[in-house]
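Novice: This is the structure I have questions about; it appears just below.
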Amino acid sequence: MDFLPTKGIEYLLVIGYLLVLIPFWWALQGSGRRAAARRTVPAMAPAARAAAGLQAWFRVPREAHYHRGHTWAMPEEGGVFRVGVDDFAQRLIGFPEAVALPEVGAALEEGEPGWSVAADGRRVDLLSPVRGEVVEINPEVLSDPALVSEDPYGRGWLMKVRTPRPDATLKNLMPWRVATAWMEDASRRLSAAMSPAVGVELGQVLQDGGVPVVGLARQIDPEHWDRFAAELLLTAEPAQSR
């Protein structure tokens, strides 16, 4: 019997088995550690998120500058700003059925109504964050208004405006850090609007993932949601004294 060659083959088989087993064992260990980490860091419940602050629900990108009417502007070359609506505004209004934009060449004034969106057959005006001349509009949002809600800081941008004084324009807008605190204040006002005292529970306006549904104004005040949205977006006319 050829004893040594036979044992050599057996040794090779054992070594091959170990080479396969060791990576598999490490993979199992890694999966176990990840599973343990998931068990020790549970998903944040809606109530906990509310306690942490509603601002966690609204995106505030660093590269944008913000107006208190819940619109934004991003600087480009040549004194041109790309503008649109922020995440708070799109969640408040809901998926728009139409967007009415000014024509190229139109003049906009900062803090004045610059365009409008229509949802559920009702129009909501929004304030322009900048002063200047419209040099381009986004044709995509005219053909697909839902982009304003789906991607408000990306494909859902509305127009480009050339401003005469870009540096002064930036000073009139809130940078990311200030806008984050401002969004927190807006979120507190929204939280008060949907408190049990006014007949709306927090859970009624949250999706399963614990974020606000699109169309918050409609959920909170279904009869006068356009007025409610206009008040939060600063475009509502002041009440007349009697």
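Chain lettering (A, B, ...) mirrors the order of the structure tokens, residue numbering begins at 1 for each chain separately, and ligand numbering begins at 1 in order of display.
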Determine which residues of range 38-154 of chain A receive a DSSP assignment of alpha helix (DSSP H), computed from the backbone, and state them as a list in words.
Specialist: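 Put together, the selection reads Arg38, Arg39, Thr40, Pro46, Ala47, Ala48, Arg49, Ala50, Ala51, Ala52, Asp87, Phe88, Ala89, Gln90, Arg91, Leu92, Ile93, Pro139, Glu140, Val141, Leu142, Ser143, Leu147, Val148, Ser149 and Glu150 of chain A.
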Novice: What would the file look like if the residues just selected were written as a CSV table (one decimal), in the first residue's frame with N, CA and C atoms?
Specialist:
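Saved as part_10.csv:
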```
chain,number,residue,atom,x,y,z
A,38,ARG,N,-28.0,46.2,15.8
A,38,ARG,CA,-29.3,46.6,15.4
A,38,ARG,C,-30.3,46.4,16.6
A,39,ARG,N,-30.0,45.3,17.4
A,39,ARG,CA,-30.9,45.1,18.6
A,39,ARG,C,-30.7,46.1,19.7
A,40,THR,N,-29.4,46.6,19.8
A,40,THR,CA,-29.1,47.6,20.9
A,40,THR,C,-29.4,49.0,20.5
A,46,PRO,N,-42.1,57.5,16.7
A,46,PRO,CA,-42.6,58.9,16.4
A,46,PRO,C,-42.6,59.8,17.6
A,47,ALA,N,-43.0,59.3,18.8
A,47,ALA,CA,-43.1,60.1,19.9
A,47,ALA,C,-41.7,60.6,20.3
A,48,ALA,N,-40.7,59.7,20.2
A,48,ALA,CA,-39.3,60.1,20.5
A,48,ALA,C,-38.8,61.1,19.5
A,49,ARG,N,-39.2,61.0,18.3
A,49,ARG,CA,-38.8,62.0,17.3
A,49,ARG,C,-39.4,63.3,17.5
A,50,ALA,N,-40.6,63.3,18.0
A,50,ALA,CA,-41.3,64.5,18.3
A,50,ALA,C,-40.6,65.2,19.4
A,51,ALA,N,-40.1,64.4,20.4
A,51,ALA,CA,-39.4,65.0,21.6
A,51,ALA,C,-38.1,65.6,21.1
A,52,ALA,N,-37.4,64.9,20.1
A,52,ALA,CA,-36.2,65.4,19.6
A,52,ALA,C,-36.3,66.7,18.8
A,87,ASP,N,-38.2,72.1,1.8
A,87,ASP,CA,-38.8,70.8,2.2
A,87,ASP,C,-40.1,71.1,3.0
A,88,PHE,N,-40.0,72.1,3.9
A,88,PHE,CA,-41.2,72.4,4.7
A,88,PHE,C,-42.4,72.8,3.9
A,89,ALA,N,-42.1,73.7,2.9
A,89,ALA,CA,-43.2,74.2,2.1
A,89,ALA,C,-43.8,73.0,1.3
A,90,GLN,N,-43.0,72.2,0.7
A,90,GLN,CA,-43.6,71.1,-0.2
A,90,GLN,C,-44.4,70.1,0.7
A,91,ARG,N,-43.9,69.8,1.9
A,91,ARG,CA,-44.7,68.9,2.8
A,91,ARG,C,-46.0,69.6,3.2
A,92,LEU,N,-46.0,70.9,3.4
A,92,LEU,CA,-47.1,71.6,3.9
A,92,LEU,C,-48.2,71.6,2.8
A,93,ILE,N,-47.8,71.9,1.5
A,93,ILE,CA,-48.8,72.1,0.4
A,93,ILE,C,-49.2,70.7,-0.1
A,139,PRO,N,-38.3,73.6,-17.3
A,139,PRO,CA,-39.4,73.1,-18.1
A,139,PRO,C,-39.9,71.7,-17.5
A,140,GLU,N,-39.1,71.0,-16.8
A,140,GLU,CA,-39.5,69.8,-16.2
A,140,GLU,C,-40.6,69.9,-15.2
A,141,VAL,N,-40.5,70.9,-14.4
A,141,VAL,CA,-41.6,71.1,-13.3
A,141,VAL,C,-42.9,71.5,-14.0
A,142,LEU,N,-42.8,72.2,-15.1
A,142,LEU,CA,-44.1,72.5,-15.8
A,142,LEU,C,-44.8,71.3,-16.3
A,143,SER,N,-44.0,70.3,-16.8
A,143,SER,CA,-44.6,69.1,-17.4
A,143,SER,C,-44.9,68.1,-16.3
A,147,LEU,N,-42.4,66.9,-9.2
A,147,LEU,CA,-41.0,67.0,-8.9
A,147,LEU,C,-40.7,68.0,-7.8
A,148,VAL,N,-41.6,69.0,-7.7
A,148,VAL,CA,-41.4,70.0,-6.6
A,148,VAL,C,-41.4,69.3,-5.2
A,149,SER,N,-42.3,68.3,-5.1
A,149,SER,CA,-42.4,67.5,-3.9
A,149,SER,C,-41.3,66.4,-3.8
A,150,GLU,N,-41.1,65.8,-4.9
A,150,GLU,CA,-40.2,64.6,-4.9
A,150,GLU,C,-38.8,65.0,-4.7
```
Novice: When distances are computed from only C-alpha atoms, which of A:Arg122, A:Arg189, A:Arg62, A:His70 shows the smallest separation from Glu223 in chain A?
Specialist: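 Looking at the shortest contact to Glu223 in chain A, the residue is A:Arg122.
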Novice: Which residue gives the smallest distance to Lys160 in chain A among A:Trp72, A:Phe58, A:Tyr66, A:Trp225, with only C-alpha atoms counted?
Specialist: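 Counting only C-alpha atoms, the residue closest to Lys160 in chain A is A:Trp72.
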Novice: Pick out the residues sitting within 10 Å of Ala73 in chain A, and hand them over as a list of chain:residue names; count only C-alpha atoms, and ignore anything fewer than 6 positions along from it in its own chain.
Specialist: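 My list of contacting residues is A:Glu63, A:Ala64, A:His65, A:Tyr66, A:His67, A:Val80, A:Phe81, A:Arg82, A:Val83, A:Gly84, A:Val85, A:Asp86, A:Ser128, A:Pro129, A:Val130, A:Tyr153, A:Trp157, A:Met159, A:Lys160, A:Val161, A:Thr169, A:Leu170, A:Leu173, A:Met174.
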Novice: With distances taken over only C-alpha atoms, which of A:Pro96, A:Ala107, A:Glu112, A:Thr71 is nearest to Val124 in chain A?
Specialist: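 Of the candidates, the smallest distance to Val124 in chain A is held by A:Pro96.
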Novice: When distances are computed from only C-alpha atoms, which of A:Gly69, A:Ser187, A:Asp144, A:Pro175 shows the smallest separation from Leu126 in chain A?
Specialist: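 Among A:Gly69, A:Ser187, A:Asp144, A:Pro175, it is A:Gly69 that comes nearest to Leu126 in chain A.
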Novice: Counting only C-alpha atoms, which residue out of A:Ala146, A:Val99, A:Glu77, A:Arg165 sits closest to Asp125 in chain A?
Specialist: A:Val99
Novice: Do you have the CA of Leu101 in chain A-CA of Trp115 in chain A distance handy?
Specialist: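 Calculated distance between CA of Leu101 in chain A and CA of Trp115 in chain A is 5.1 Å.
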